[in-house]
Structure formats: C-alpha cells, structure tokens
Amino acid sequence: MRELIEKVREQIRQAKQIAVLTGAGISAESGVPTFRGADGLWRNKDPMKLASIQGFLENPKEVWEFYNWRREVIAKVTYNKGHKALVELEKKKENFLLITQNVDGLHSLAGSKKVLEIHGNIWWVKCTKCYYKYEDRTPNLGELPTCPKCGGLLRPGVVFFGEPLDSDILDKCCNFLKHTDLMLIIGTSSVVEPAASLGFIVKKAGGVLVEINLEPTPNTKFMDYAIHGKAGEILPGLIEGL
Ligand code: BJW
Ligand code: ZN
C-alpha cells in the first residue's frame, strides 16, 4: 500500500493539471448516507420514486419528505479529513478542478474554491412554475413548500434521474478534462451517467486515472491506479507528502 501511495504521489507531483471527481463516499465519513452499497439509501428506498423527475411529478409530497430528511441530516454534519485534503491539493496545484456529484455542499464548507456541483445543491430550491431559484438553509421546509414570488410548488435544486445536467457546467467539466494530466475519482460507485464516463475524456487525452474507493467499481479496470480504503484516511497521507 505504501508503495502504491508513493507512486500515485509522484504522478500527482508531475501532473500540471489535476481534476478530481467525488461521489457520496467522500461524505460518508461525515455521516452523510451513500446511495448504493450495504448501508446505502437505495437499499430500502426506490430511487425512481424519490430521485427521479417522474417520481417528483407523481408524488411531490413523498419526494419532499425524503429531501427534508436529507437536509436535516446534512445540516447536522460537517466536512471531514478527505474534504480538507482536497482543499490542500487545490492550494498546491494551480490548474485544478473539483467536480462533485454530491449535493451536500461540504467541499465548499471545507474551503474548496474551484468546485463544480454537477448534480446541484440540496440547499437550493427552484419554483416549478416561475423558475425562481434561491438558497434556503432551513433544514425542514415542510410538506409541500411554495414559491415566495408566485405561490407555485418548489422543488429541490438537485438533478433528478431523467433530467439533463446543466449544459454550461458540463461543458466546463469536459473542456477542463480534455487538458487534464491526472484525475482522482473518489468515493463514487461509477454507475450514474454522465459522471461515470467523465474519466474517459482524461484517458482519451492520455491522462492518468486514479480511483480511491472502499471497493472496486465497474470502472476499476480502466484505472491506472486503484487504492482501496477510506477517502478520509488515504487522502491526507497522499496529499500531505507532496
Ligand atoms: C467510499 C467510502 C469512503 C463509501 N471512502 N469510498 C447511459 C447509460 C445508462 C443510463 C443512463 C445513461 N445516461 C443517462 C442515464 C440515466 C441516468 C443513469 O445514469 N442511470 C443509471 C443509474 C443506470 N442518468 C441520468 O438520468 C442523468 N441525466 C441524464 O443523463 O440526462 C440525459 C438527458 C438529456 C436530455 C433530456 C433529458 C435527460 C442524471 C443523473 C442524476 C443523478 N441524481 C442523483 C440524485 C440527486 C442528487 C441527490 O439527491 O443527492 O445523484 S442519484 C445519486 O447517484 C446522486 C449521486 O450524486 C449519484 C451518484 O452516486 P455516487 O456518488 O456514486 O454514490 P454511491 O452511493 O452510488 O457510491 C458511493 C461509493 O463510495 C461506493 O462505491 C462506496 O464503495 C464508496 N465509499 N464510503 C471511499 N469512506
Ligand atoms: Zn414561482
């Protein structure tokens, strides 16, 4: 393990441009539940009912109940050593981008500046009628929250299954990845598209892929390096020694 870490550290040292993709695993050690895996949310909850646009249109009350609960959980937790290590990496590398699938806002809370939240942010709400969008950090917004401007039904400011990602944000990610020498892919099961395929842009451009995860994923076979363990334990050691 120590040898593997040293090899990856050397690759990081040499890389002129670095991208990081994070998923729910990096926030797991903060106490935010992941989606898949043994303790994942989708073990006993149906993602198509709770996190798809069809699910929201059919039963907004149930979806809001789920998101109000998640907001309450996230309001009580904070960033961990893994988030903090990525703040340090950003300070060491001028050409840096952190792409996160997480909606918990913990990277920004930790101090990361160059972050793109490709699945949105749980603290934002959007009106389904007039599209007014604003930040509201009240943990529980009640049964069916309504828009302060027009009274229409509000929805969580996240990207549901079946919805396109913001095209400006996705373009920024793709343009950066085309010129990236090394990408760290941390704590994601790599099954949700298009995030799961972002690493291939780097690979195609000749860059190095490094996965950090508790366990192998469907993309592990495409990695140059795979480190198995907890992000909050691996990242500080990897980045401190740079
Ligand atoms: C640790 C750890 C520790 C734990 N340390 N590691 C192509 C093929 C097939 C399907 C599709 C396709 N293209 C699109 C689709 C459909 C769909 C999709 O991908 N489906 C697949 C699941 C089959 N994609 C979409 O619908 C996307 N939209 C889209 O493509 O639109 C196209 C379109 C164009 C034009 C018009 C209309 C549409 C949108 C995807 C949105 C995802 N939304 C969610 C919920 C909202 C946010 C929220 O509420 O939080 O985002 S789903 C959920 O999954 C959430 C996550 O961001 C996302 C990814 O999950 P993640 O982060 O990987 O978490 P887990 O739990 O899966 O994994 C955690 C990992 O951490 C595990 O591997 C653990 O081992 C590890 N771990 N502890 C290190 N301490
Ligand atoms: Zn409105």
# chains A, B, ... in the order shown; residues from 1 in each chain; ligands from 1

$ select_by_dssp --residues "range 92-182 of chain A" --states "strand (DSSP E or B)" --output "PyMOL selection string"
chain A and resi 95-100+115-117+120-127+133-135+146+153-158+161+182

$ residues_around --residues "Gly187 in chain A" --least-positions-apart "3" --cutoff "10 Å" --atoms "only C-alpha atoms" --output "JSON, numbers by chain"
{"A": [21, 22, 23, 24, 25, 26, 27, 28, 34, 184, 190, 211, 212, 213, 214, 215, 217, 229, 230, 231]}

$ atom_distance --atom1 "atom 10 (C, counted along the ligand's line) of ligand 1" --atom2 "CA of Glu117 in chain A"
19.6 Å

$ residues_near_ligand --ligand "ligand 2" --cutoff "12 Å" --atoms "only C-alpha atoms and all ligand atoms" --output "ChimeraX atom specification"
/A:125-134,145-155

$ closest_residue --among "A:Pro164, A:Val20, A:Met223, A:Trp64" --to "Ser112 in chain A" --atoms "only C-alpha atoms"
A:Val20

$ residues_around --residues "Ile18 in chain A" --least-positions-apart "4" --cutoff "8 Å" --atoms "only C-alpha atoms" --output "ChimeraX atom specification"
/A:12,93,95-97,180-184

$ residues_around --residues "Val8 in chain A" --least-positions-apart "3" --cutoff "12 Å" --atoms "only C-alpha atoms" --output "ChimeraX atom specification"
/A:1-5,11-15,182-184,208-212,223-227,234-235,237-239,241-242

$ write_last_selection --atoms "N, CA and C atoms" --output "JSON list (two decimals), in the first residue's frame"
[["chain", "number", "residue", "atom", "x", "y", "z"],
["A", 1, "MET", "N", 0.83, -1.23, 0.00],
["A", 1, "MET", "CA", 0.00, 0.00, 0.00],
["A", 1, "MET", "C", 0.86, 1.27, 0.00],
["A", 2, "ARG", "N", 1.95, 1.24, 0.83],
["A", 2, "ARG", "CA", 2.79, 2.43, 0.93],
["A", 2, "ARG", "C", 3.45, 2.76, -0.42],
["A", 3, "GLU", "N", 3.84, 1.67, -1.12],
["A", 3, "GLU", "CA", 4.48, 1.83, -2.43],
["A", 3, "GLU", "C", 3.50, 2.42, -3.45],
["A", 4, "LEU", "N", 2.27, 1.91, -3.40],
["A", 4, "LEU", "CA", 1.22, 2.40, -4.31],
["A", 4, "LEU", "C", 0.96, 3.89, -4.08],
["A", 5, "ILE", "N", 0.86, 4.27, -2.81],
["A", 5, "ILE", "CA", 0.62, 5.67, -2.46],
["A", 5, "ILE", "C", 1.78, 6.53, -2.98],
["A", 11, "GLN", "N", 3.00, 10.76, -9.40],
["A", 11, "GLN", "CA", 2.18, 11.14, -10.57],
["A", 11, "GLN", "C", 1.52, 12.49, -10.33],
["A", 12, "ILE", "N", 1.07, 12.70, -9.10],
["A", 12, "ILE", "CA", 0.43, 13.99, -8.76],
["A", 12, "ILE", "C", 1.46, 15.11, -8.85],
["A", 13, "ARG", "N", 2.67, 14.83, -8.34],
["A", 13, "ARG", "CA", 3.74, 15.84, -8.40],
["A", 13, "ARG", "C", 3.99, 16.27, -9.83],
["A", 14, "GLN", "N", 4.03, 15.28, -10.73],
["A", 14, "GLN", "CA", 4.38, 15.56, -12.13],
["A", 14, "GLN", "C", 3.25, 16.23, -12.91],
["A", 15, "ALA", "N", 2.01, 16.01, -12.48],
["A", 15, "ALA", "CA", 0.85, 16.50, -13.26],
["A", 15, "ALA", "C", 0.76, 18.03, -13.21],
["A", 182, "LEU", "N", -4.04, 14.28, -14.82],
["A", 182, "LEU", "CA", -4.34, 13.25, -13.80],
["A", 182, "LEU", "C", -5.70, 13.54, -13.17],
["A", 183, "MET", "N", -6.48, 12.47, -13.01],
["A", 183, "MET", "CA", -7.80, 12.63, -12.39],
["A", 183, "MET", "C", -7.94, 11.65, -11.23],
["A", 184, "LEU", "N", -8.36, 12.17, -10.08],
["A", 184, "LEU", "CA", -8.66, 11.33, -8.92],
["A", 184, "LEU", "C", -10.16, 11.10, -8.90],
["A", 208, "VAL", "N", -3.77, 10.22, -16.65],
["A", 208, "VAL", "CA", -3.71, 9.11, -15.70],
["A", 208, "VAL", "C", -4.98, 9.11, -14.83],
["A", 209, "LEU", "N", -5.56, 7.93, -14.62],
["A", 209, "LEU", "CA", -6.76, 7.82, -13.76],
["A", 209, "LEU", "C", -6.42, 7.08, -12.47],
["A", 210, "VAL", "N", -6.87, 7.66, -11.35],
["A", 210, "VAL", "CA", -6.65, 7.06, -10.03],
["A", 210, "VAL", "C", -7.98, 6.95, -9.32],
["A", 211, "GLU", "N", -8.33, 5.75, -8.89],
["A", 211, "GLU", "CA", -9.59, 5.57, -8.16],
["A", 211, "GLU", "C", -9.29, 5.34, -6.67],
["A", 212, "ILE", "N", -10.04, 6.04, -5.83],
["A", 212, "ILE", "CA", -9.94, 5.81, -4.38],
["A", 212, "ILE", "C", -11.33, 5.44, -3.90],
["A", 223, "MET", "N", -8.68, 1.99, -14.69],
["A", 223, "MET", "CA", -7.82, 2.87, -13.88],
["A", 223, "MET", "C", -6.34, 2.52, -14.06],
["A", 224, "ASP", "N", -5.49, 3.52, -13.92],
["A", 224, "ASP", "CA", -4.05, 3.27, -13.89],
["A", 224, "ASP", "C", -3.65, 2.84, -12.48],
["A", 225, "TYR", "N", -4.34, 3.40, -11.50],
["A", 225, "TYR", "CA", -4.09, 3.05, -10.09],
["A", 225, "TYR", "C", -5.42, 2.98, -9.37],
["A", 226, "ALA", "N", -5.58, 1.95, -8.52],
["A", 226, "ALA", "CA", -6.78, 1.86, -7.68],
["A", 226, "ALA", "C", -6.33, 1.66, -6.24],
["A", 227, "ILE", "N", -6.77, 2.58, -5.38],
["A", 227, "ILE", "CA", -6.41, 2.48, -3.96],
["A", 227, "ILE", "C", -7.68, 2.16, -3.19],
["A", 234, "ILE", "N", -7.00, 7.87, 3.38],
["A", 234, "ILE", "CA", -5.99, 7.83, 2.31],
["A", 234, "ILE", "C", -5.58, 9.24, 1.86],
["A", 235, "LEU", "N", -6.56, 10.11, 1.66],
["A", 235, "LEU", "CA", -6.25, 11.41, 1.05],
["A", 235, "LEU", "C", -5.27, 12.27, 1.87],
["A", 237, "GLY", "N", -2.79, 11.49, 3.85],
["A", 237, "GLY", "CA", -1.44, 10.95, 3.71],
["A", 237, "GLY", "C", -0.90, 11.17, 2.30],
["A", 238, "LEU", "N", -1.77, 10.99, 1.31],
["A", 238, "LEU", "CA", -1.35, 11.12, -0.09],
["A", 238, "LEU", "C", -0.95, 12.56, -0.40],
["A", 239, "ILE", "N", -1.70, 13.50, 0.11],
["A", 239, "ILE", "CA", -1.52, 14.90, -0.28],
["A", 239, "ILE", "C", -0.51, 15.64, 0.60],
["A", 241, "GLY", "N", 2.26, 14.61, 1.81],
["A", 241, "GLY", "CA", 3.65, 14.36, 1.43],
["A", 241, "GLY", "C", 4.05, 14.92, 0.07],
["A", 242, "LEU", "N", 3.22, 15.70, -0.56],
["A", 242, "LEU", "CA", 3.52, 16.18, -1.93],
["A", 242, "LEU", "C", 4.70, 17.13, -1.96]]

$ select_by_dssp --residues "range 21-70 of chain A" --states "alpha helix (DSSP H)" --output "list of chain:residue names"
A:Gly25, A:Ile26, A:Ser27, A:Ala28, A:Pro47, A:Met48, A:Lys49, A:Leu50, A:Ile53, A:Gln54, A:Gly55, A:Phe56, A:Leu57, A:Glu58, A:Pro60, A:Lys61, A:Glu62, A:Val63, A:Trp64, A:Glu65, A:Phe66, A:Tyr67, A:Asn68, A:Trp69, A:Arg70

$ write_last_selection --atoms "N, CA, C and O atoms" --output "short mmCIF file (atom, residue, chain, number, x, y, z; two decimals), in the first residue's frame"
data_model
loop_
_atom_site.label_atom_id
_atom_site.label_comp_id
_atom_site.auth_asym_id
_atom_site.auth_seq_id
_atom_site.Cartn_x
_atom_site.Cartn_y
_atom_site.Cartn_z
N GLY A 25 -19.19 8.70 -1.34
CA GLY A 25 -18.23 8.06 -0.44
C GLY A 25 -17.37 9.06 0.33
O GLY A 25 -16.98 8.79 1.46
N ILE A 26 -17.09 10.22 -0.28
CA ILE A 26 -16.21 11.17 0.44
C ILE A 26 -16.94 11.80 1.62
O ILE A 26 -16.31 12.21 2.60
N SER A 27 -18.26 11.84 1.56
CA SER A 27 -19.01 12.43 2.68
C SER A 27 -19.49 11.37 3.67
O SER A 27 -20.07 11.71 4.71
N ALA A 28 -19.25 10.10 3.35
CA ALA A 28 -19.73 9.02 4.23
C ALA A 28 -19.14 9.16 5.62
O ALA A 28 -19.84 8.98 6.63
N PRO A 47 -35.08 4.62 -5.85
CA PRO A 47 -34.55 5.86 -6.43
C PRO A 47 -35.48 6.45 -7.49
O PRO A 47 -35.55 7.67 -7.65
N MET A 48 -36.22 5.58 -8.17
CA MET A 48 -37.11 6.09 -9.22
C MET A 48 -38.33 6.82 -8.63
O MET A 48 -38.93 7.67 -9.27
N LYS A 49 -38.66 6.49 -7.38
CA LYS A 49 -39.77 7.21 -6.72
C LYS A 49 -39.26 8.49 -6.10
O LYS A 49 -39.94 9.52 -6.12
N LEU A 50 -38.03 8.44 -5.51
CA LEU A 50 -37.57 9.55 -4.67
C LEU A 50 -36.61 10.51 -5.34
O LEU A 50 -36.45 11.65 -4.90
N ILE A 53 -37.40 12.65 -11.91
CA ILE A 53 -38.35 13.72 -12.21
C ILE A 53 -39.78 13.16 -12.29
O ILE A 53 -40.73 13.79 -11.79
N GLN A 54 -39.93 11.94 -12.82
CA GLN A 54 -41.26 11.33 -12.85
C GLN A 54 -41.79 11.14 -11.43
O GLN A 54 -42.96 11.43 -11.15
N GLY A 55 -40.90 10.64 -10.54
CA GLY A 55 -41.29 10.42 -9.14
C GLY A 55 -41.76 11.71 -8.50
O GLY A 55 -42.77 11.72 -7.78
N PHE A 56 -41.04 12.81 -8.78
CA PHE A 56 -41.42 14.09 -8.18
C PHE A 56 -42.77 14.56 -8.71
O PHE A 56 -43.63 15.03 -7.95
N LEU A 57 -42.97 14.41 -10.03
CA LEU A 57 -44.24 14.88 -10.62
C LEU A 57 -45.42 14.05 -10.12
O LEU A 57 -46.50 14.57 -9.88
N GLU A 58 -45.19 12.75 -9.90
CA GLU A 58 -46.27 11.87 -9.43
C GLU A 58 -46.57 12.05 -7.95
O GLU A 58 -47.73 11.99 -7.54
N PRO A 60 -44.95 14.59 -5.26
CA PRO A 60 -44.01 15.57 -4.71
C PRO A 60 -43.92 15.53 -3.18
O PRO A 60 -42.87 15.83 -2.61
N LYS A 61 -45.01 15.13 -2.53
CA LYS A 61 -45.01 15.11 -1.06
C LYS A 61 -43.99 14.09 -0.54
O LYS A 61 -43.23 14.38 0.38
N GLU A 62 -44.01 12.92 -1.16
CA GLU A 62 -43.08 11.86 -0.73
C GLU A 62 -41.63 12.27 -1.01
O GLU A 62 -40.72 12.03 -0.21
N VAL A 63 -41.41 12.91 -2.17
CA VAL A 63 -40.05 13.33 -2.53
C VAL A 63 -39.58 14.42 -1.56
O VAL A 63 -38.44 14.40 -1.08
N TRP A 64 -40.47 15.37 -1.22
CA TRP A 64 -40.09 16.42 -0.28
C TRP A 64 -39.78 15.85 1.11
O TRP A 64 -38.90 16.32 1.82
N GLU A 65 -40.54 14.81 1.49
CA GLU A 65 -40.28 14.17 2.79
C GLU A 65 -38.85 13.63 2.82
O GLU A 65 -38.12 13.81 3.79
N PHE A 66 -38.45 12.99 1.70
CA PHE A 66 -37.10 12.42 1.57
C PHE A 66 -36.05 13.54 1.62
O PHE A 66 -35.05 13.46 2.34
N TYR A 67 -36.28 14.62 0.86
CA TYR A 67 -35.29 15.70 0.81
C TYR A 67 -35.26 16.51 2.11
O TYR A 67 -34.18 16.95 2.53
N ASN A 68 -36.39 16.67 2.75
CA ASN A 68 -36.38 17.35 4.06
C ASN A 68 -35.56 16.56 5.07
O ASN A 68 -34.79 17.12 5.85
N TRP A 69 -35.73 15.23 5.03
CA TRP A 69 -34.95 14.36 5.93
C TRP A 69 -33.46 14.49 5.61
O TRP A 69 -32.63 14.64 6.51
N ARG A 70 -33.11 14.46 4.31
CA ARG A 70 -31.69 14.58 3.93
C ARG A 70 -31.13 15.94 4.35
O ARG A 70 -29.98 16.05 4.80
#

$ residues_around --residues "Gly31 in chain A" --least-positions-apart "5" --cutoff "10 Å" --atoms "only C-alpha atoms" --output "PyMOL selection string"
chain A and resi 26+73-74+76-80

$ write_last_selection --atoms "C-alpha atoms" --output "PDB file, in the first residue's frame"
ATOM      1  CA  ILE A  26     -16.211  11.166   0.437  1.00  0.00           C
ATOM      2  CA  VAL A  73     -29.103  15.077   8.239  1.00  0.00           C
ATOM      3  CA  ILE A  74     -26.722  17.308   6.236  1.00  0.00           C
ATOM      4  CA  LYS A  76     -26.070  18.468  11.402  1.00  0.00           C
ATOM      5  CA  VAL A  77     -22.763  17.294   9.892  1.00  0.00           C
ATOM      6  CA  THR A  78     -19.549  18.883   8.688  1.00  0.00           C
ATOM      7  CA  TYR A  79     -16.623  18.231   6.358  1.00  0.00           C
ATOM      8  CA  ASN A  80     -14.018  15.570   7.136  1.00  0.00           C
TER       9      ASN A  80
END

$ residues_around --residues "range 192-198 of chain A" --least-positions-apart "6" --cutoff "9 Å" --atoms "only C-alpha atoms" --output "number ranges by chain"
A: 21, 100-101, 118, 165, 173-174, 177, 219

$ closest_residue --among "A:Lys7, A:Val159, A:Glu135, A:Ile186" --to "Leu86 in chain A" --atoms "only C-alpha atoms"
A:Ile186

$ atom_distance --atom1 "CA of Gly105 in chain A" --atom2 "CA of Asn121 in chain A"
6.5 Å

$ closest_residue --among "A:Thr220, A:Asn44, A:Ser167, A:Ser30" --to "Val191 in chain A" --atoms "only C-alpha atoms"
A:Thr220

$ closest_residue --among "A:Asn59, A:Thr138, A:Gln17, A:Asn102" --to "ligand 1" --atoms "only C-alpha atoms and all ligand atoms"
A:Asn102

$ closest_residue --among "A:Ser108, A:Asn140, A:Ser52, A:Asn175" --to "ligand 1" --atoms "only C-alpha atoms and all ligand atoms"
A:Ser52
